[in-house]
Amino acid sequence: CDFIMRSVEFLATLFAASTRMREGGCSTKLKMLPMATTTVEKVKYESLLDWLRSKNGVVSDKVFFQDSTLGGGYGAFVSEEVDEGDVIFTVPREACVTLEDATNDPKCGKAFQELTEKAGPGANTVVMAAYLAKEYLISTEQDVNFGPYLQTLPWERGINGQEHIIFWTDDEVDTSLTDTFCYKEATDLRSEVSLASTIIEKIVGDSVRIARGEMEDNTGIKWPWQVTPSKAMDPVEGLDLAVRGAFVSLLTRSFQDSEEAEKLVPMLDMLQHSEEANIRHSTNEEDGTVEVRARRKISAGEELLNQYRSEQDENMPYHRFFTRFGFIPGIMEPIENLLTDKSSILFPKIVEV
């Protein structure tokens with residue numbers, strides 16, 4: 001419909017400019033909600049390993065999971081020394097979530113394809129978010145291709161310590177970020193995601209309802225008297241939050257797949273960030289397999305670390321790390337402490353004359 005296409009064209013322009021790939025003012029009383037932190041169960045990461053191997057992925061027997069040393073949730077560690085250049089694990093292309101998975105989706109693929117063709121490259125992020133949100137909600141009802149991987153992602157605030165501003169309330173953003181470097185980017189991003197959620201509801205809503213048994217699947221040949229008349233439907237329960245979680249995963253976990261598209265790489269995307277990463281990754285041009293190797297000798301018991309973006313990148317100052325990734329490198333204390341203290345990382349410095 002025209003509304004959806006115009007809206008996605010608008011979002012495409014915004015996301016084409018803002019989507020990233022990995023490679024003191026006036027005093028304000030903070031009104032941040034206390035974040036209830038939960039951790040994805042370890043058994044789900046073990047299920048992820050089994051699923052990855054079933055997709056012909058290779059994972060060294062030296063890899064194991066335990067509480068990360070650098071953030072919430074689990075990290076990946078090695079139990080024995082790994083030599084520089086050794087393969088630690090591989091992720092086949094069929095185990096990566098790509099734009100092709102969305103556009104080839106049996107239920108919504110044609111609609112997704114039309115959006116990418118008419119709205120341009122920026123629509124790719126919206127399509128990927130729609131596909132992820134739909135598959136996650138359906139995975140709670142039945143098995144889906146990426147089910148074990150989807151169960152390890154942070155679908156709501158506080159999971160594995162995820163504190164992304166997409167999950168915040170409007171009141172928290174207005175009272176906590178107004179005078180910060182983050183405010184405009186945070187409000188623009190949240191507006192984009194809210195609009196995208198409305199669009200995505202119209203595309204994937206019925207697929208989720210059918211999976212839940214809330215409506216009849218009217219695909220296929222039916223006699224006129226067998227077709228249930230359409231009626232106004234309530235918003236799909238949980239879809240808005242799932243869409244927000246999908247955008248958080250894409251913003252914080254995606255890797256470049258092509259010049260105009262991104263992908264999610266299971267297991268690689270769970271590694272914590274470090275400016276001095278001990279792994280490197282590359283993609284085999286022939287079959288698309290992602291190979292993760294030791295950048296240097298890794299000692300037994302050491303956590304595997306990846307570099308999301310260089311902390312020296314002029315286009316990624318620390319306050320943008322926060323709006324993009326939900327954390328500030330090297331800072332372990334809660335973000336509310338930095339806001340209360342008017343940290344110069346987030347607030348302009350006041351020069352006394």
# chains A, B, ... in the order shown; residues from 1 in each chain; ligands from 1
$ select_by_dssp --residues "range 42-145 of chain A" --states "strand (DSSP E or B)" --output "MDAnalysis selection string"
chainID A and resid 59 63:67 74:78 82 87:91 97
$ closest_atom_pairs --of "range 211-323 of chain A" --to "range 39-46 of chain A" --cutoff "12 Å" --atoms "only C-alpha atoms" --output "JSON lines"
{"residue": "A:Pro266", "atom": "CA", "partner": "A:Tyr45", "partner_atom": "CA", "distance": 10.3}
{"residue": "A:Met267", "atom": "CA", "partner": "A:Tyr45", "partner_atom": "CA", "distance": 8.6}
{"residue": "A:Met270", "atom": "CA", "partner": "A:Tyr45", "partner_atom": "CA", "distance": 9.9}
$ closest_residue --among "A:Ser299, A:Thr178, A:Ser254, A:Asn56" --to "Thr90 in chain A" --atoms "only C-alpha atoms"
A:Asn56
$ residues_around --residues "range 280-283 of chain A" --least-positions-apart "2" --cutoff "12 Å" --atoms "only C-alpha atoms" --output "PyMOL selection string"
chain A and resi 22-23+84-93+96+255-258+263+265+267-269+271+274+276-278+285-296+304-308
$ closest_residue --among "A:Ile203, A:Leu153, A:Val127, A:Met316" --to "Glu100 in chain A" --atoms "only C-alpha atoms"
A:Val127
$ residues_around --residues "Ile210 in chain A" --least-positions-apart "4" --cutoff "12 Å" --atoms "only C-alpha atoms" --output "JSON, numbers by chain"
{"A": [107, 134, 137, 138, 141, 142, 204, 205, 206, 214, 215, 216, 217, 218, 219, 236]}
$ residues_around --residues "Ala102 in chain A" --least-positions-apart "5" --cutoff "7 Å" --atoms "only C-alpha atoms" --output "ChimeraX atom specification"
/A:109,112,127-128,131
$ write_last_selection --atoms "C-alpha atoms" --output "mmCIF file, in the first residue's frame"
data_model
loop_
_atom_site.group_PDB
_atom_site.id
_atom_site.type_symbol
_atom_site.label_atom_id
_atom_site.label_comp_id
_atom_site.auth_asym_id
_atom_site.auth_seq_id
_atom_site.Cartn_x
_atom_site.Cartn_y
_atom_site.Cartn_z
ATOM 1 C CA GLY A 109 9.290 -12.816 1.207
ATOM 2 C CA PHE A 112 10.027 -7.884 1.699
ATOM 3 C CA VAL A 127 13.220 -5.872 6.261
ATOM 4 C CA MET A 128 15.830 -7.687 8.344
ATOM 5 C CA TYR A 131 12.053 -10.988 9.536
#
$ select_by_dssp --residues "range 85-286 of chain A" --states "alpha helix (DSSP H)" --output "ChimeraX atom specification"
/A:99-103,109-119,123-139,147-150,170-177,183-211,239-253
$ closest_residue --among "A:Ile199, A:Leu251, A:Val63, A:Ile331" --to "Leu49 in chain A" --atoms "only C-alpha atoms"
A:Val63
$ residues_around --residues "Gly147 in chain A" --least-positions-apart "5" --cutoff "10 Å" --atoms "only C-alpha atoms" --output "list in words"
Ser47, Leu48, Trp51, Glu135, Tyr136, Leu137, Ile138, Ser139, Thr140, Gln142 and Thr152 of chain A
$ closest_residue --among "A:Glu333, A:Glu302, A:Asp171, A:Glu163" --to "Asp67 in chain A" --atoms "only C-alpha atoms"
A:Glu302
$ closest_residue --among "A:Glu185, A:Glu156, A:Asp174, A:Glu303" --to "Lys62 in chain A" --atoms "only C-alpha atoms"
A:Glu303
